[in-house]
Amino acid sequence: MNSSNANALLSLGTALRQAGYRFMTVTPSTHRRINNRPGNERAHDLRGVFGWSRPFDRDLLPASVLALMVDAGVLDEKDDGLRSLVRVSTLDDMLLFHSAWPTRDDDSVFFGPDTYRFVTAMRRGFAFVGAGPVRAVDIGCGGGAGALTIARAFPHADVIGADINPKALELAMVNGRLNWAANFSLAQSDLFDGLQGDFDLVVSNPPFVVDPDALRYRHGGGERGAEISRRIVEQSLGRLRRGGSLMLYTGVALSGPGDHFLESLRPTLAAQCDTWTYQELDPDIFGGQLGEPGYEDVERIAAVWLHAVKR
């Protein structure tokens, strides 16, 4: 994305805000069911175009909006009509660009119910960070929802959104400008490899499913999808300042009563943290994933939250 593309996308987001656009992104399975209902084959309004990712006719949108889509490089023409290559989701008063549904590409930029749960849990954790961080980072920031939430809550902080995916960073840059975050910057980084210095706050909502195609935006690696999450915990504790916080939202594949992810981290947390809390936020997410390869012995996938304070 060049500066001309980015400026056009920013103008598109501004036009949507001025039009009163709002859309809460649902799970892919819900998205599919709603789009399969009779009458939902094509878009009839802005939400159908930019939220539900439905095909639409050229005369549905004002010529000025179509021109912005063309200039931003986000208008695609298929046999069934025009389509937007981006979705726009609402998070409180923010509008955030991310990838259109369905997300099939390796560089897709994900946003969904996990994002809302992540941000909600993170905001609860803000009550325990005193005056707030001086320097914070969101590892695997995607479109920037987590980093922007920190930047807006703590305007004195230097907040970095880090991601290995250049497309995510391009959209996060536009999202930062669209939502007036002056203390927000970006870095291309594989976890912490491209980052310098220490932090007062590290947050992350990494991929955690086992994906046969190893798509970066959803594959959590080995250990039944927990590998990246474990690496984030271990590396974060090495980069946090004394008294700094790690806040991690992830999913854990569970078989039986034990939690292998928690038990693998317990010695590290006990050795390096003054305090830490770990809880299940939702006992059963991504149930459809259980029929996929790699989940033959898994009973459920739980959404979990870890907040650890560095000793």
# chains A, B, ... in the order shown; residues from 1 in each chain; ligands from 1

$ select_by_dssp --residues "segment 35-149 of chain A" --states "strand (DSSP E or B)" --output "MDAnalysis selection string"
chainID A and resid 56 75:78 81:84 86:91 94:99 135:139

$ closest_residue --among "A:Thr90, A:Ser189, A:Ser236, A:Thr149" --to "Arg47 of chain A" --atoms "only C-alpha atoms"
A:Thr90

$ closest_residue --among "A:Tyr217, A:Phe128, A:Trp305, A:Phe208" --to "Asp106 of chain A" --atoms "only C-alpha atoms"
A:Tyr217

$ atom_distance --atom1 "atom CA of Ser29 of chain A" --atom2 "atom CA of Val298 of chain A"
20.0 Å

$ residues_around --residues "Leu12 of chain A" --least-positions-apart "2" --cutoff "10 Å" --atoms "only C-alpha atoms" --output "PDB file with C-alpha atoms, in the first residue's frame"
ATOM      1  CA  ALA A   6      -3.490   4.821   2.442  1.00  0.00           C
ATOM      2  CA  ASN A   7      -4.895   8.341   2.103  1.00  0.00           C
ATOM      3  CA  ALA A   8      -7.814   7.068   0.024  1.00  0.00           C
ATOM      4  CA  LEU A   9      -8.550   4.329   2.581  1.00  0.00           C
ATOM      5  CA  LEU A  10      -8.433   6.907   5.364  1.00  0.00           C
ATOM      6  CA  THR A  14     -13.949   9.027   7.351  1.00  0.00           C
ATOM      7  CA  ALA A  15     -16.858   8.867   4.892  1.00  0.00           C
ATOM      8  CA  LEU A  16     -18.206   5.745   6.598  1.00  0.00           C
ATOM      9  CA  ARG A  17     -17.995   7.421  10.008  1.00  0.00           C
ATOM     10  CA  GLN A  18     -19.824  10.475   8.696  1.00  0.00           C
ATOM     11  CA  SER A  64     -17.339   9.294  -4.648  1.00  0.00           C
ATOM     12  CA  VAL A  65     -17.194   6.185  -2.418  1.00  0.00           C
ATOM     13  CA  LEU A  66     -16.481   3.922  -5.401  1.00  0.00           C
ATOM     14  CA  ALA A  67     -13.693   6.268  -6.467  1.00  0.00           C
ATOM     15  CA  LEU A  68     -12.134   6.075  -2.992  1.00  0.00           C
ATOM     16  CA  MET A  69     -12.318   2.277  -3.099  1.00  0.00           C
ATOM     17  CA  ASP A  71      -7.894   4.680  -5.285  1.00  0.00           C
ATOM     18  CA  ALA A  72      -7.358   2.599  -2.128  1.00  0.00           C
ATOM     19  CA  LEU A 178      -8.561   7.164  11.397  1.00  0.00           C
TER      20      LEU A 178
END

$ atom_distance --atom1 "atom CA of Ser229 of chain A" --atom2 "atom CA of Gly288 of chain A"
21.1 Å

$ residues_around --residues "Arg216 of chain A" --least-positions-apart "4" --cutoff "10 Å" --atoms "only C-alpha atoms" --output "list in words"
Asp105, Asp106, Asp107, Ser108, Val109, Ile164, Asn165, Pro206, Pro207, Asp211, Gly220 and Gly221 of chain A

$ write_last_selection --atoms "all heavy atoms" --output "compact mmCIF listing (two decimals), in the first residue's frame"
# COMPACT_ATOMS: atom_id res chain seq x y z
N ASP A 105 -6.45 -16.04 2.78
CA ASP A 105 -5.07 -15.80 2.38
C ASP A 105 -4.14 -15.81 3.59
O ASP A 105 -4.54 -15.49 4.71
CB ASP A 105 -4.95 -14.46 1.66
CG ASP A 105 -5.77 -14.42 0.39
OD1 ASP A 105 -5.89 -15.49 -0.25
OD2 ASP A 105 -6.29 -13.35 0.05
N ASP A 106 -2.88 -16.14 3.33
CA ASP A 106 -1.88 -16.21 4.40
C ASP A 106 -1.68 -14.87 5.08
O ASP A 106 -1.38 -14.81 6.28
CB ASP A 106 -0.55 -16.71 3.82
CG ASP A 106 0.49 -16.97 4.88
OD1 ASP A 106 0.18 -17.69 5.85
OD2 ASP A 106 1.62 -16.46 4.76
N ASP A 107 -1.86 -13.77 4.34
CA ASP A 107 -1.64 -12.45 4.93
C ASP A 107 -2.95 -11.78 5.34
O ASP A 107 -3.00 -10.55 5.51
CB ASP A 107 -0.87 -11.55 3.97
CG ASP A 107 -1.61 -11.27 2.67
OD1 ASP A 107 -2.66 -11.91 2.43
OD2 ASP A 107 -1.13 -10.42 1.88
N SER A 108 -4.01 -12.56 5.52
CA SER A 108 -5.28 -11.99 5.98
C SER A 108 -5.10 -11.33 7.34
O SER A 108 -4.30 -11.77 8.17
CB SER A 108 -6.35 -13.08 6.07
OG SER A 108 -6.69 -13.56 4.79
N VAL A 109 -5.86 -10.26 7.56
CA VAL A 109 -5.81 -9.52 8.81
C VAL A 109 -7.12 -9.78 9.55
O VAL A 109 -8.19 -9.33 9.13
CB VAL A 109 -5.62 -8.01 8.56
CG1 VAL A 109 -5.50 -7.26 9.89
CG2 VAL A 109 -4.37 -7.78 7.71
N ILE A 164 4.36 -9.45 12.09
CA ILE A 164 5.23 -9.96 11.03
C ILE A 164 4.64 -9.71 9.64
O ILE A 164 5.34 -9.76 8.64
CB ILE A 164 5.46 -11.48 11.25
CG1 ILE A 164 6.64 -11.98 10.40
CG2 ILE A 164 4.19 -12.29 10.96
CD1 ILE A 164 7.04 -13.41 10.71
N ASN A 165 3.35 -9.39 9.58
CA ASN A 165 2.59 -9.28 8.34
C ASN A 165 2.55 -7.83 7.85
O ASN A 165 1.92 -6.98 8.47
CB ASN A 165 1.16 -9.80 8.59
CG ASN A 165 0.28 -9.75 7.36
OD1 ASN A 165 0.72 -9.38 6.27
ND2 ASN A 165 -0.98 -10.11 7.53
N PRO A 206 -2.60 -13.80 20.06
CA PRO A 206 -1.95 -14.49 18.94
C PRO A 206 -2.86 -15.55 18.31
O PRO A 206 -3.88 -15.94 18.89
CB PRO A 206 -0.75 -15.15 19.61
CG PRO A 206 -1.25 -15.46 20.99
CD PRO A 206 -2.15 -14.32 21.36
N PRO A 207 -2.48 -16.05 17.13
CA PRO A 207 -3.19 -17.22 16.57
C PRO A 207 -2.98 -18.43 17.46
O PRO A 207 -1.91 -18.59 18.05
CB PRO A 207 -2.54 -17.40 15.19
CG PRO A 207 -1.20 -16.75 15.30
CD PRO A 207 -1.37 -15.61 16.26
N ASP A 211 -3.78 -25.21 12.11
CA ASP A 211 -4.24 -25.02 10.74
C ASP A 211 -3.43 -25.89 9.80
O ASP A 211 -2.20 -25.74 9.73
CB ASP A 211 -4.10 -23.55 10.35
CG ASP A 211 -4.62 -23.30 8.94
OD1 ASP A 211 -5.80 -23.59 8.69
OD2 ASP A 211 -3.83 -22.85 8.09
N GLY A 220 -1.30 -21.51 15.25
CA GLY A 220 -0.56 -21.27 16.48
C GLY A 220 0.67 -22.13 16.66
O GLY A 220 1.30 -22.10 17.71
N GLY A 221 1.00 -22.95 15.66
CA GLY A 221 2.19 -23.79 15.74
C GLY A 221 1.91 -25.12 16.42
O GLY A 221 0.77 -25.59 16.47

$ residues_around --residues "Ile301 of chain A" --least-positions-apart "4" --cutoff "9 Å" --atoms "only C-alpha atoms" --output "ChimeraX atom specification"
/A:209,251-255,282-287,289-290

$ write_last_selection --atoms "N, CA and C atoms" --output "compact mmCIF listing (two decimals), in the first residue's frame"
# COMPACT_ATOMS: atom_id res chain seq x y z
N VAL A 209 -5.01 -21.73 16.73
CA VAL A 209 -5.58 -22.97 16.22
C VAL A 209 -4.54 -23.76 15.45
N GLY A 251 -6.28 -19.14 23.00
CA GLY A 251 -7.14 -20.30 23.09
C GLY A 251 -6.31 -21.54 23.37
N VAL A 252 -6.83 -22.42 24.20
CA VAL A 252 -6.11 -23.62 24.60
C VAL A 252 -6.96 -24.85 24.29
N ALA A 253 -6.38 -25.79 23.55
CA ALA A 253 -7.06 -27.05 23.24
C ALA A 253 -6.91 -27.98 24.45
N LEU A 254 -8.04 -28.41 25.01
CA LEU A 254 -8.03 -29.17 26.26
C LEU A 254 -8.59 -30.57 26.04
N SER A 255 -7.93 -31.52 26.66
CA SER A 255 -8.37 -32.91 26.64
C SER A 255 -8.35 -33.43 28.06
N ASP A 282 -13.98 -18.18 28.43
CA ASP A 282 -15.06 -18.89 27.74
C ASP A 282 -14.62 -20.35 27.63
N PRO A 283 -15.43 -21.30 28.14
CA PRO A 283 -14.99 -22.69 28.15
C PRO A 283 -15.07 -23.40 26.81
N ASP A 284 -15.73 -22.79 25.81
CA ASP A 284 -15.98 -23.53 24.57
C ASP A 284 -16.08 -22.56 23.40
N ILE A 285 -14.97 -22.39 22.68
CA ILE A 285 -14.96 -21.55 21.48
C ILE A 285 -14.46 -22.40 20.31
N PHE A 286 -14.75 -21.97 19.09
CA PHE A 286 -14.28 -22.64 17.88
C PHE A 286 -14.62 -24.13 17.90
N GLY A 287 -15.85 -24.46 18.29
CA GLY A 287 -16.25 -25.86 18.35
C GLY A 287 -16.14 -26.57 17.02
N GLN A 289 -13.85 -26.37 14.97
CA GLN A 289 -12.46 -26.74 14.73
C GLN A 289 -12.17 -28.16 15.19
N LEU A 290 -12.99 -28.70 16.10
CA LEU A 290 -12.70 -30.00 16.70
C LEU A 290 -12.81 -31.16 15.71

$ closest_residue --among "A:Ile160, A:Asp138, A:Gly125, A:Leu148" --to "His307 of chain A" --atoms "only C-alpha atoms"
A:Gly125

$ residues_around --residues "segment 114-119 of chain A" --least-positions-apart "2" --cutoff "7 Å" --atoms "only C-alpha atoms" --output "PDB file with N, CA and C atoms, in the first residue's frame"
ATOM      1  N   PHE A 111     -10.073 -10.008  12.440  1.00  0.00           N
ATOM      2  CA  PHE A 111     -10.793  -9.280  13.486  1.00  0.00           C
ATOM      3  C   PHE A 111     -12.080 -10.043  13.710  1.00  0.00           C
ATOM      4  N   GLY A 112     -12.457 -10.265  14.978  1.00  0.00           N
ATOM      5  CA  GLY A 112     -13.679 -11.005  15.246  1.00  0.00           C
ATOM      6  C   GLY A 112     -14.013 -11.017  16.725  1.00  0.00           C
ATOM      7  N   ALA A 121     -11.048  -7.872  28.211  1.00  0.00           N
ATOM      8  CA  ALA A 121     -10.203  -8.372  29.301  1.00  0.00           C
ATOM      9  C   ALA A 121      -9.036  -7.430  29.559  1.00  0.00           C
ATOM     10  N   MET A 122      -8.462  -6.881  28.514  1.00  0.00           N
ATOM     11  CA  MET A 122      -7.337  -5.965  28.660  1.00  0.00           C
ATOM     12  C   MET A 122      -7.763  -4.720  29.431  1.00  0.00           C
ATOM     13  N   ARG A 123      -8.920  -4.193  29.123  1.00  0.00           N
ATOM     14  CA  ARG A 123      -9.396  -2.996  29.837  1.00  0.00           C
ATOM     15  C   ARG A 123      -9.601  -3.278  31.323  1.00  0.00           C
ATOM     16  N   GLY A 146      -5.808  -3.821  19.715  1.00  0.00           N
ATOM     17  CA  GLY A 146      -5.257  -3.816  21.066  1.00  0.00           C
ATOM     18  C   GLY A 146      -4.367  -2.623  21.313  1.00  0.00           C
ATOM     19  N   ASN A 205      -2.821 -11.094  21.407  1.00  0.00           N
ATOM     20  CA  ASN A 205      -3.921 -11.988  21.061  1.00  0.00           C
ATOM     21  C   ASN A 205      -3.449 -12.781  19.837  1.00  0.00           C
ATOM     22  N   TYR A 249      -4.290 -12.959  25.730  1.00  0.00           N
ATOM     23  CA  TYR A 249      -5.546 -13.650  25.432  1.00  0.00           C
ATOM     24  C   TYR A 249      -5.244 -14.711  24.385  1.00  0.00           C
TER      25      TYR A 249
END

$ atom_distance --atom1 "atom CA of Asp259 of chain A" --atom2 "atom CA of Val233 of chain A"
15.8 Å

$ select_by_dssp --residues "segment 67-296 of chain A" --states "helix (DSSP H, G or I)" --output "MDAnalysis selection string"
chainID A and resid 67:72 113:126 145:153 166:178 222:225 227:239 260:272 287:291

$ write_last_selection --atoms "C-alpha atoms" --output "PDB file, in the first residue's frame"
ATOM      1  CA  ALA A  67     -13.693   6.268  -6.467  1.00  0.00           C
ATOM      2  CA  LEU A  68     -12.134   6.075  -2.992  1.00  0.00           C
ATOM      3  CA  MET A  69     -12.318   2.277  -3.099  1.00  0.00           C
ATOM      4  CA  VAL A  70     -10.580   2.253  -6.474  1.00  0.00           C
ATOM      5  CA  ASP A  71      -7.894   4.680  -5.285  1.00  0.00           C
ATOM      6  CA  ALA A  72      -7.358   2.599  -2.128  1.00  0.00           C
ATOM      7  CA  PRO A 113     -15.288 -11.982  18.557  1.00  0.00           C
ATOM      8  CA  ASP A 114     -11.874 -12.939  19.976  1.00  0.00           C
ATOM      9  CA  THR A 115     -10.793  -9.334  19.385  1.00  0.00           C
ATOM     10  CA  TYR A 116     -13.722  -8.032  21.424  1.00  0.00           C
ATOM     11  CA  ARG A 117     -13.002 -10.487  24.258  1.00  0.00           C
ATOM     12  CA  PHE A 118      -9.303  -9.588  24.186  1.00  0.00           C
ATOM     13  CA  VAL A 119      -9.949  -5.854  24.422  1.00  0.00           C
ATOM     14  CA  THR A 120     -12.570  -6.282  27.168  1.00  0.00           C
ATOM     15  CA  ALA A 121     -10.203  -8.372  29.301  1.00  0.00           C
ATOM     16  CA  MET A 122      -7.337  -5.965  28.660  1.00  0.00           C
ATOM     17  CA  ARG A 123      -9.396  -2.996  29.837  1.00  0.00           C
ATOM     18  CA  ARG A 124     -10.189  -4.810  33.063  1.00  0.00           C
ATOM     19  CA  GLY A 125      -6.454  -5.349  33.507  1.00  0.00           C
ATOM     20  CA  PHE A 126      -5.786  -1.618  33.132  1.00  0.00           C
ATOM     21  CA  ALA A 145      -7.260  -2.987  17.927  1.00  0.00           C
ATOM     22  CA  GLY A 146      -5.257  -3.816  21.066  1.00  0.00           C
ATOM     23  CA  ALA A 147      -2.504  -1.262  20.557  1.00  0.00           C
ATOM     24  CA  LEU A 148      -4.993   1.497  19.760  1.00  0.00           C
ATOM     25  CA  THR A 149      -7.007   0.657  22.869  1.00  0.00           C
ATOM     26  CA  ILE A 150      -3.848   1.120  24.972  1.00  0.00           C
ATOM     27  CA  ALA A 151      -2.879   4.316  23.141  1.00  0.00           C
ATOM     28  CA  ARG A 152      -6.279   5.881  23.739  1.00  0.00           C
ATOM     29  CA  ALA A 153      -6.429   4.793  27.392  1.00  0.00           C
ATOM     30  CA  PRO A 166       3.174  -6.132   6.232  1.00  0.00           C
ATOM     31  CA  LYS A 167      -0.491  -6.040   5.205  1.00  0.00           C
ATOM     32  CA  ALA A 168      -1.540  -5.929   8.875  1.00  0.00           C
ATOM     33  CA  LEU A 169       0.817  -3.026   9.486  1.00  0.00           C
ATOM     34  CA  GLU A 170      -0.562  -1.149   6.480  1.00  0.00           C
ATOM     35  CA  LEU A 171      -4.113  -1.423   7.763  1.00  0.00           C
ATOM     36  CA  ALA A 172      -3.046  -0.677  11.346  1.00  0.00           C
ATOM     37  CA  MET A 173      -1.363   2.524  10.136  1.00  0.00           C
ATOM     38  CA  VAL A 174      -4.610   3.685   8.515  1.00  0.00           C
ATOM     39  CA  ASN A 175      -6.603   2.628  11.583  1.00  0.00           C
ATOM     40  CA  GLY A 176      -4.310   4.661  13.820  1.00  0.00           C
ATOM     41  CA  ARG A 177      -4.831   7.778  11.708  1.00  0.00           C
ATOM     42  CA  LEU A 178      -8.561   7.164  11.397  1.00  0.00           C
ATOM     43  CA  GLY A 222       2.842 -27.032  17.607  1.00  0.00           C
ATOM     44  CA  GLU A 223       1.628 -28.079  21.038  1.00  0.00           C
ATOM     45  CA  ARG A 224      -1.921 -28.223  19.640  1.00  0.00           C
ATOM     46  CA  GLY A 225      -1.703 -24.587  18.596  1.00  0.00           C
ATOM     47  CA  GLU A 227       3.464 -22.891  20.683  1.00  0.00           C
ATOM     48  CA  ILE A 228       3.323 -19.220  19.687  1.00  0.00           C
ATOM     49  CA  SER A 229       1.430 -18.308  22.856  1.00  0.00           C
ATOM     50  CA  ARG A 230       4.029 -20.042  25.026  1.00  0.00           C
ATOM     51  CA  ARG A 231       6.879 -18.301  23.190  1.00  0.00           C
ATOM     52  CA  ILE A 232       5.193 -14.943  23.709  1.00  0.00           C
ATOM     53  CA  VAL A 233       4.979 -15.550  27.461  1.00  0.00           C
ATOM     54  CA  GLU A 234       8.612 -16.622  27.725  1.00  0.00           C
ATOM     55  CA  GLN A 235       9.958 -13.803  25.549  1.00  0.00           C
ATOM     56  CA  SER A 236       7.737 -11.164  27.165  1.00  0.00           C
ATOM     57  CA  LEU A 237       9.074 -11.924  30.623  1.00  0.00           C
ATOM     58  CA  GLY A 238      12.568 -11.343  29.273  1.00  0.00           C
ATOM     59  CA  ARG A 239      11.620  -7.895  27.914  1.00  0.00           C
ATOM     60  CA  HIS A 260      -1.209 -28.493  29.453  1.00  0.00           C
ATOM     61  CA  PHE A 261      -0.570 -24.872  28.470  1.00  0.00           C
ATOM     62  CA  LEU A 262      -0.886 -23.611  32.032  1.00  0.00           C
ATOM     63  CA  GLU A 263       1.221 -26.414  33.452  1.00  0.00           C
ATOM     64  CA  SER A 264       3.985 -25.796  30.907  1.00  0.00           C
ATOM     65  CA  LEU A 265       4.159 -22.142  32.017  1.00  0.00           C
ATOM     66  CA  ARG A 266       3.698 -22.529  35.755  1.00  0.00           C
ATOM     67  CA  PRO A 267       7.431 -22.941  36.640  1.00  0.00           C
ATOM     68  CA  THR A 268       8.401 -19.919  34.518  1.00  0.00           C
ATOM     69  CA  LEU A 269       5.662 -17.744  35.988  1.00  0.00           C
ATOM     70  CA  ALA A 270       6.540 -18.802  39.543  1.00  0.00           C
ATOM     71  CA  ALA A 271      10.220 -18.030  38.987  1.00  0.00           C
ATOM     72  CA  GLN A 272       9.867 -14.636  37.259  1.00  0.00           C
ATOM     73  CA  GLY A 287     -16.254 -25.858  18.355  1.00  0.00           C
ATOM     74  CA  GLY A 288     -16.240 -26.454  14.603  1.00  0.00           C
ATOM     75  CA  GLN A 289     -12.458 -26.740  14.732  1.00  0.00           C
ATOM     76  CA  LEU A 290     -12.700 -30.002  16.700  1.00  0.00           C
ATOM     77  CA  GLY A 291     -13.497 -31.960  13.546  1.00  0.00           C
TER      78      GLY A 291
END

$ residues_around --residues "Pro155 of chain A" --least-positions-apart "3" --cutoff "10 Å" --atoms "only C-alpha atoms" --output "VMD selection string"
chain A and resid 132 to 134 150 to 152 158 to 159 181 to 184
